[in-house]
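Data from my_file.json: JSON, C-alpha atoms
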[["chain", "number", "residue", "atom", "x", "y", "z"],
["A", 113, "MET", "CA", -13.24, -10.08, -6.93],
["A", 114, "LYS", "CA", -15.41, -7.33, -5.49],
["A", 115, "PHE", "CA", -14.67, -3.80, -6.75],
["A", 116, "THR", "CA", -15.16, -0.38, -5.17],
["A", 117, "PHE", "CA", -14.41, 2.67, -7.33],
["A", 118, "THR", "CA", -13.72, 6.17, -6.01],
["A", 119, "GLU", "CA", -13.25, 9.32, -8.05],
["A", 120, "LYS", "CA", -11.39, 12.29, -6.56],
["A", 121, "LYS", "CA", -11.63, 15.58, -8.44],
["A", 122, "ILE", "CA", -12.19, 13.68, -11.69],
["A", 123, "GLN", "CA", -15.01, 11.97, -13.54],
["A", 124, "VAL", "CA", -14.07, 8.74, -15.32],
["A", 125, "SER", "CA", -16.14, 6.94, -17.89],
["A", 126, "ASP", "CA", -17.69, 3.51, -17.43],
["A", 127, "GLU", "CA", -15.26, 2.26, -20.08],
["A", 128, "VAL", "CA", -12.28, 3.19, -17.86],
["A", 129, "LYS", "CA", -13.92, 1.46, -14.87],
["A", 130, "GLU", "CA", -14.53, -1.68, -16.95],
["A", 131, "TYR", "CA", -10.92, -1.56, -18.16],
["A", 132, "ALA", "CA", -9.70, -1.33, -14.55],
["A", 133, "GLU", "CA", -11.99, -4.19, -13.56],
["A", 134, "ARG", "CA", -10.56, -6.39, -16.35],
["A", 135, "LYS", "CA", -6.92, -5.57, -15.57],
["A", 136, "VAL", "CA", -7.16, -5.77, -11.77],
["A", 137, "GLY", "CA", -9.39, -8.84, -12.06],
["A", 138, "LYS", "CA", -6.50, -10.76, -13.62],
["A", 139, "ILE", "CA", -4.60, -10.47, -10.33],
["A", 140, "ASP", "CA", -7.41, -12.45, -8.64],
["A", 141, "ARG", "CA", -5.71, -15.69, -9.77],
["A", 142, "PHE", "CA", -3.16, -15.25, -6.96],
["A", 143, "PHE", "CA", -5.72, -15.23, -4.15],
["A", 144, "ARG", "CA", -7.75, -17.89, -2.47],
["A", 145, "GLY", "CA", -11.17, -16.80, -1.29],
["A", 146, "GLN", "CA", -12.85, -13.53, -2.07],
["A", 147, "ALA", "CA", -10.52, -10.59, -2.65],
["A", 148, "GLU", "CA", -11.72, -6.99, -2.53],
["A", 149, "ALA", "CA", -10.26, -4.28, -4.76],
["A", 150, "PHE", "CA", -10.49, -0.55, -4.08],
["A", 151, "VAL", "CA", -9.60, 1.56, -7.12],
["A", 152, "THR", "CA", -9.27, 5.34, -6.74],
["A", 153, "PHE", "CA", -9.00, 7.62, -9.75],
["A", 154, "SER", "CA", -7.66, 11.16, -9.42],
["A", 155, "SER", "CA", -5.97, 13.89, -11.41],
["A", 156, "GLU", "CA", -2.96, 16.02, -10.44],
["A", 157, "ARG", "CA", -1.61, 18.81, -12.64],
["A", 158, "GLY", "CA", -2.84, 17.24, -15.85],
["A", 159, "ARG", "CA", -1.63, 13.74, -14.96],
["A", 160, "TYR", "CA", -3.78, 10.79, -13.98],
["A", 161, "ARG", "CA", -3.38, 8.70, -10.84],
["A", 162, "ALA", "CA", -4.72, 5.18, -10.35],
["A", 163, "GLU", "CA", -4.45, 3.89, -6.80],
["A", 164, "VAL", "CA", -5.21, 0.20, -6.36],
["A", 165, "THR", "CA", -5.62, -1.47, -2.98],
["A", 166, "ILE", "CA", -6.42, -5.17, -2.78],
["A", 167, "GLU", "CA", -7.46, -6.84, 0.47],
["A", 168, "ASN", "CA", -7.36, -10.62, 0.81],
["A", 169, "ASN", "CA", -7.24, -12.69, 4.01],
["A", 170, "GLY", "CA", -6.33, -9.62, 6.08],
["A", 171, "THR", "CA", -3.35, -8.70, 3.88],
["A", 172, "PHE", "CA", -3.37, -5.45, 1.94],
["A", 173, "TYR", "CA", -1.54, -4.81, -1.32],
["A", 174, "ARG", "CA", -1.42, -1.14, -2.32],
["A", 175, "VAL", "CA", 0.14, 0.78, -5.16],
["A", 176, "SER", "CA", -0.36, 4.22, -6.69],
["A", 177, "GLU", "CA", 0.76, 5.16, -10.19],
["A", 178, "LEU", "CA", 0.78, 8.58, -11.88],
["A", 179, "THR", "CA", 1.08, 8.89, -15.68],
["A", 180, "GLY", "CA", -0.21, 11.01, -18.54],
["A", 181, "ASP", "CA", -2.94, 8.49, -19.41],
["A", 182, "MET", "CA", -5.43, 6.78, -17.08],
["A", 183, "HIS", "CA", -5.16, 3.46, -18.93],
["A", 184, "ALA", "CA", -1.36, 3.54, -18.55],
["A", 185, "SER", "CA", -1.73, 4.32, -14.83],
["A", 186, "ILE", "CA", -4.02, 1.31, -14.41],
["A", 187, "ASP", "CA", -1.63, -0.94, -16.35],
["A", 188, "SER", "CA", 1.34, 0.25, -14.33],
["A", 189, "ALA", "CA", -0.49, -0.20, -11.01],
["A", 190, "CYS", "CA", -1.47, -3.77, -11.89],
["A", 191, "ALA", "CA", 2.09, -4.61, -12.94],
["A", 192, "SER", "CA", 3.43, -3.13, -9.69],
["A", 193, "ILE", "CA", 1.07, -5.16, -7.50],
["A", 194, "GLU", "CA", 1.94, -8.32, -9.41],
["A", 195, "ARG", "CA", 5.64, -7.50, -8.95],
["A", 196, "GLN", "CA", 5.09, -7.02, -5.18],
["A", 197, "ILE", "CA", 3.37, -10.39, -4.94],
["A", 198, "ARG", "CA", 6.04, -12.20, -6.96],
["A", 199, "LYS", "CA", 8.88, -10.54, -5.03],
["A", 200, "ASN", "CA", 7.39, -11.60, -1.69],
["A", 201, "LYS", "CA", 5.86, -14.90, -2.78],
["A", 202, "THR", "CA", 7.74, -17.01, -0.22],
["A", 203, "ARG", "CA", 6.56, -14.76, 2.61],
["A", 204, "LEU", "CA", 3.01, -14.73, 1.27],
["A", 205, "GLU", "CA", 2.68, -18.47, 0.52],
["A", 206, "LYS", "CA", 0.19, -19.13, 3.32],
["A", 207, "ARG", "CA", -2.10, -16.32, 2.12],
["A", 208, "LEU", "CA", -1.96, -16.96, -1.61],
["A", 209, "ARG", "CA", -3.74, -19.64, -3.59],
["A", 210, "GLU", "CA", -1.73, -22.84, -4.08],
["A", 211, "GLY", "CA", -0.33, -23.13, -7.58],
["A", 212, "ALA", "CA", -0.74, -19.40, -8.28],
["A", 213, "PHE", "CA", 2.76, -19.21, -9.76],
["A", 214, "GLU", "CA", 2.78, -22.50, -11.66],
["A", 215, "ARG", "CA", 0.47, -21.42, -14.47],
["A", 216, "GLU", "CA", 2.82, -19.05, -16.25],
["A", 217, "ILE", "CA", 6.48, -18.15, -16.25],
["A", 218, "ASN", "CA", 7.05, -14.56, -17.27],
["A", 219, "GLU", "CA", 10.53, -13.84, -18.63],
["A", 220, "ASN", "CA", 10.62, -10.46, -16.84],
["A", 221, "TYR", "CA", 10.68, -12.16, -13.44],
["A", 222, "ILE", "CA", 13.16, -14.98, -14.00],
["A", 223, "ASN", "CA", 16.27, -12.96, -13.11],
["A", 224, "GLU", "CA", 14.69, -11.18, -10.16],
["A", 225, "PRO", "CA", 16.41, -12.29, -6.94],
["A", 226, "GLU", "CA", 14.05, -13.75, -4.36],
["A", 227, "GLU", "CA", 14.42, -12.43, -0.82],
["A", 228, "LYS", "CA", 14.78, -15.15, 1.78],
["A", 229, "GLU", "CA", 14.55, -13.08, 4.97],
["A", 230, "PHE", "CA", 13.96, -9.54, 6.07],
["A", 231, "ASP", "CA", 17.39, -8.00, 6.47],
["A", 232, "ILE", "CA", 17.52, -5.79, 9.57],
["A", 233, "VAL", "CA", 20.66, -3.71, 9.13],
["A", 234, "ARG", "CA", 20.32, -1.57, 12.25],
["A", 235, "THR", "CA", 18.58, -1.70, 15.60],
["A", 236, "LYS", "CA", 18.08, 1.50, 17.55],
["A", 237, "ARG", "CA", 16.92, 1.66, 21.15],
["A", 238, "PHE", "CA", 15.57, 4.77, 22.81],
["A", 239, "PRO", "CA", 13.29, 5.60, 25.74],
["A", 240, "ILE", "CA", 9.71, 6.18, 24.68],
["A", 241, "LYS", "CA", 8.45, 9.18, 26.64],
["A", 242, "HIS", "CA", 4.98, 10.29, 27.67],
["A", 243, "MET", "CA", 3.96, 13.42, 25.74],
["A", 244, "SER", "CA", 1.04, 15.05, 23.99],
["A", 245, "THR", "CA", 0.46, 14.68, 20.25],
["A", 246, "ASP", "CA", 1.55, 18.29, 19.67],
["A", 247, "GLU", "CA", 4.80, 17.70, 21.57],
["A", 248, "ALA", "CA", 5.47, 14.56, 19.52],
["A", 249, "ILE", "CA", 4.95, 16.41, 16.22],
["A", 250, "LEU", "CA", 7.21, 19.23, 17.41],
["A", 251, "GLN", "CA", 9.90, 16.71, 18.42],
["A", 252, "MET", "CA", 9.59, 14.92, 15.05],
["A", 253, "ASN", "CA", 10.00, 18.23, 13.19],
["A", 254, "LEU", "CA", 12.98, 19.24, 15.34],
["A", 255, "LEU", "CA", 14.68, 15.93, 14.55],
["A", 256, "GLU", "CA", 13.67, 16.23, 10.86],
["A", 257, "HIS", "CA", 12.29, 12.66, 10.95],
["A", 258, "GLU", "CA", 9.40, 11.28, 8.93],
["A", 259, "PHE", "CA", 7.80, 9.62, 12.00],
["A", 260, "PHE", "CA", 8.08, 9.67, 15.78],
["A", 261, "ALA", "CA", 7.04, 7.04, 18.36],
["A", 262, "PHE", "CA", 5.78, 8.11, 21.80],
["A", 263, "LYS", "CA", 3.43, 7.28, 24.66],
["A", 264, "ASN", "CA", 0.34, 9.42, 24.20],
["A", 265, "GLU", "CA", -0.49, 11.04, 27.53],
["A", 266, "ASP", "CA", -3.87, 12.12, 26.10],
["A", 267, "GLU", "CA", -4.73, 8.40, 25.77],
["A", 268, "GLY", "CA", -3.43, 7.19, 29.12],
["A", 269, "GLY", "CA", 0.08, 6.38, 27.92],
["A", 270, "ALA", "CA", -0.91, 4.21, 24.95],
["A", 271, "PHE", "CA", 1.77, 3.65, 22.31],
["A", 272, "ALA", "CA", 1.38, 5.91, 19.26],
["A", 273, "VAL", "CA", 3.29, 7.04, 16.17],
["A", 274, "VAL", "CA", 2.90, 10.39, 14.40],
["A", 275, "TYR", "CA", 4.09, 10.73, 10.82],
["A", 276, "ARG", "CA", 4.37, 13.31, 8.05],
["A", 277, "ARG", "CA", 1.98, 12.65, 5.17],
["A", 278, "HIS", "CA", 3.16, 12.99, 1.57],
["A", 279, "ASN", "CA", 0.31, 15.33, 0.64],
["A", 280, "GLY", "CA", 0.93, 17.59, 3.67],
["A", 281, "GLY", "CA", -0.31, 17.43, 7.20],
["A", 282, "TYR", "CA", 0.30, 14.73, 9.77],
["A", 283, "GLY", "CA", -1.10, 11.32, 10.60],
["A", 284, "MET", "CA", -1.17, 9.27, 13.75],
["A", 285, "ILE", "CA", -1.16, 5.52, 14.33],
["A", 286, "CYS", "CA", -2.33, 4.44, 17.76],
["A", 287, "ASP", "CA", -3.17, 1.29, 19.68],
["A", 288, "SER", "CA", -6.86, 0.33, 19.37],
["A", 289, "ASN", "CA", -7.01, -1.33, 22.81]]
Render the structure in this file as structure tokens.
Amino acid sequence: MKFTFTEKKIQVSDEVKEYAERKVGKIDRFFRGQAEAFVTFSSERGRYRAEVTIENNGTFYRVSELTGDMHASIDSACASIERQIRKNKTRLEKRLREGAFEREINENYINEPEEKEFDIVRTKRFPIKHMSTDEAILQMNLLEHEFFAFKNEDEGGAFAVVYRRHNGGYGMICDSN
């Protein structure tokens, strides 16, 4: 597994990076081929955040954990990614290494129900209008939604989504074509 470490507003020791490499490296057993791990360390109000993103075969697994100790944040992040993989193992079978789940049976996961299908509980249809990015953000705020889909008139009517970011500000997802 290839590792990339990023430090935001914090300096972590080589020992913490090696610890993260060991812990995240254990997840490599699930993947076929070369996986890439991006680990970001940061600090918020005296607490430590470890954000782990793993990319393998075009699929991204991401989790962010905030605790009072960086080692605990790393441990929690690794456990969360492993839980995500186990929970969605039937959907991810084609992307994961064969036999990845045969090696060990962890008692914590035996009683966890396995999802068979994605359960769509509601379908909503609405006209997608041409508007500017500013108009879309205004409309999203007026509706008190977390995201808003529209046709971006600044980009020739391409489909786009604006969304409210957790750390403040807005983001936009748009078609790359």
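When all atoms listed in the file are used to measure the gap to Phe259 in chain A, the shortest distance among A:Val175, A:Ile285, A:Ile240, A:Ala184 belongs to A:Ile285.
Interatomic distance, CA of Val164 in chain A to CA of Ala132 in chain A: 9.5 Å.
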Computed gap from CA of Ala270 in chain A to CA of Tyr282 in chain A is 18.5 Å
Selected residue of minimal separation from His278 in chain A among A:Gly145, A:Lys263, A:Gly180, A:Glu258, counting all atoms listed in the file
A:Glu258
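Distance-wise, CA of Glu156 in chain A and CA of Lys129 in chain A end up 18.8 Å apart.
Near Tyr173 in chain A, within 10 Å and counting all atoms listed in the file, sit Ala149, Val164, Thr165, Ile166, Glu167, Asn168, Ser192, Ile193, Glu194, Gln196 and Ile197 of chain A, not including residues fewer than 4 positions from it in the same chain.
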Selection near Glu247 in chain A, 12 Å with only C-alpha atoms, sequence-local residues under 2 positions removed, as JSON, numbers by chain:
{"A": [241, 242, 243, 244, 245, 249, 250, 251, 252, 253, 254, 260, 261, 262, 263, 264, 265, 266, 274]}
Take the selection from the previous step and output its residues with C-alpha atoms, as a short mmCIF file (atom, residue, chain, number, x, y, z; two decimals), in the frame of the given file.
data_model
loop_
_atom_site.label_atom_id
_atom_site.label_comp_id
_atom_site.auth_asym_id
_atom_site.auth_seq_id
_atom_site.Cartn_x
_atom_site.Cartn_y
_atom_site.Cartn_z
CA LYS A 241 8.45 9.18 26.64
CA HIS A 242 4.98 10.29 27.67
CA MET A 243 3.96 13.42 25.74
CA SER A 244 1.04 15.05 23.99
CA THR A 245 0.46 14.68 20.25
CA ILE A 249 4.95 16.41 16.22
CA LEU A 250 7.21 19.23 17.41
CA GLN A 251 9.90 16.71 18.42
CA MET A 252 9.59 14.92 15.05
CA ASN A 253 10.00 18.23 13.19
CA LEU A 254 12.98 19.24 15.34
CA PHE A 260 8.08 9.67 15.78
CA ALA A 261 7.04 7.04 18.36
CA PHE A 262 5.78 8.11 21.80
CA LYS A 263 3.43 7.28 24.66
CA ASN A 264 0.34 9.42 24.20
CA GLU A 265 -0.49 11.04 27.53
CA ASP A 266 -3.87 12.12 26.10
CA VAL A 274 2.90 10.39 14.40
#
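When only C-alpha atoms are used to compute distances to Ser288 in chain A, the closest of the residues A:Ser188, A:Arg144, A:Phe115, A:Glu267 turns out to be A:Glu267.
Residues in contact with His183 in chain A at up to 9 Å, not including ones fewer than 2 positions away on its chain and judged by all atoms listed in the file, are Val128, Tyr131, Ala132, Tyr160, Ala162, Thr179, Asp181, Ser185, Ile186, Asp187 and Ser188 of chain A.
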Padded axis-aligned box of range 149-152 of chain A (6 Å per side), centre and edge lengths, Å, one decimal, as lines of an AutoDock Vina configuration file:
center_x = -9.9
center_y = 0.5
center_z = -5.6
size_x = 13.2
size_y = 21.6
size_z = 15.0
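You can rank A:Arg277, A:Ile139, A:Lys121, A:Glu127 by their closest distance to Phe153 in chain A using only C-alpha atoms, and at the top of that list sits A:Lys121.
Each of A:Ala191, A:Arg237, A:Phe143, A:Val273 was compared to Thr171 in chain A using only C-alpha atoms, and A:Phe143 turns out to be the nearest.
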For Ala272 in chain A, which of A:Asp231, A:Asp287, A:Asp126, A:Asp140 is the closest residue, counting all atoms listed in the file?
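Ranked by minimum distance to Ala272 in chain A, first place goes to A:Asp287.
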Can you complete the atoms of range 246-261 of chain A to N, CA and C atoms and list them as a JSON list (two decimals), in the frame of the given file?
[["chain", "number", "residue", "atom", "x", "y", "z"],
["A", 246, "ASP", "N", 0.88, 17.08, 20.15],
["A", 246, "ASP", "CA", 1.55, 18.29, 19.67],
["A", 246, "ASP", "C", 3.05, 18.26, 19.99],
["A", 247, "GLU", "N", 3.39, 17.80, 21.19],
["A", 247, "GLU", "CA", 4.80, 17.70, 21.57],
["A", 247, "GLU", "C", 5.53, 16.70, 20.67],
["A", 248, "ALA", "N", 4.85, 15.59, 20.37],
["A", 248, "ALA", "CA", 5.47, 14.56, 19.52],
["A", 248, "ALA", "C", 5.72, 15.09, 18.11],
["A", 249, "ILE", "N", 4.76, 15.83, 17.56],
["A", 249, "ILE", "CA", 4.95, 16.41, 16.22],
["A", 249, "ILE", "C", 6.08, 17.43, 16.24],
["A", 250, "LEU", "N", 6.13, 18.25, 17.28],
["A", 250, "LEU", "CA", 7.21, 19.23, 17.41],
["A", 250, "LEU", "C", 8.56, 18.52, 17.48],
["A", 251, "GLN", "N", 8.64, 17.45, 18.29],
["A", 251, "GLN", "CA", 9.90, 16.71, 18.42],
["A", 251, "GLN", "C", 10.29, 16.08, 17.08],
["A", 252, "MET", "N", 9.32, 15.51, 16.35],
["A", 252, "MET", "CA", 9.59, 14.92, 15.05],
["A", 252, "MET", "C", 10.15, 15.98, 14.09],
["A", 253, "ASN", "N", 9.54, 17.16, 14.08],
["A", 253, "ASN", "CA", 10.00, 18.23, 13.19],
["A", 253, "ASN", "C", 11.39, 18.72, 13.58],
["A", 254, "LEU", "N", 11.66, 18.81, 14.89],
["A", 254, "LEU", "CA", 12.98, 19.24, 15.34],
["A", 254, "LEU", "C", 14.07, 18.26, 14.93],
["A", 255, "LEU", "N", 13.73, 16.97, 14.95],
["A", 255, "LEU", "CA", 14.68, 15.93, 14.55],
["A", 255, "LEU", "C", 14.74, 15.74, 13.04],
["A", 256, "GLU", "N", 13.81, 16.37, 12.32],
["A", 256, "GLU", "CA", 13.67, 16.23, 10.86],
["A", 256, "GLU", "C", 13.47, 14.76, 10.47],
["A", 257, "HIS", "N", 12.64, 14.05, 11.25],
["A", 257, "HIS", "CA", 12.29, 12.66, 10.95],
["A", 257, "HIS", "C", 10.96, 12.62, 10.22],
["A", 258, "GLU", "N", 10.67, 11.48, 9.61],
["A", 258, "GLU", "CA", 9.40, 11.28, 8.93],
["A", 258, "GLU", "C", 8.33, 10.75, 9.88],
["A", 259, "PHE", "N", 8.75, 10.16, 11.01],
["A", 259, "PHE", "CA", 7.80, 9.62, 12.00],
["A", 259, "PHE", "C", 8.42, 9.74, 13.38],
["A", 260, "PHE", "N", 7.58, 9.59, 14.40],
["A", 260, "PHE", "CA", 8.08, 9.67, 15.78],
["A", 260, "PHE", "C", 7.18, 8.83, 16.67],
["A", 261, "ALA", "N", 7.78, 7.92, 17.46],
["A", 261, "ALA", "CA", 7.04, 7.04, 18.36],
["A", 261, "ALA", "C", 7.04, 7.65, 19.76]]
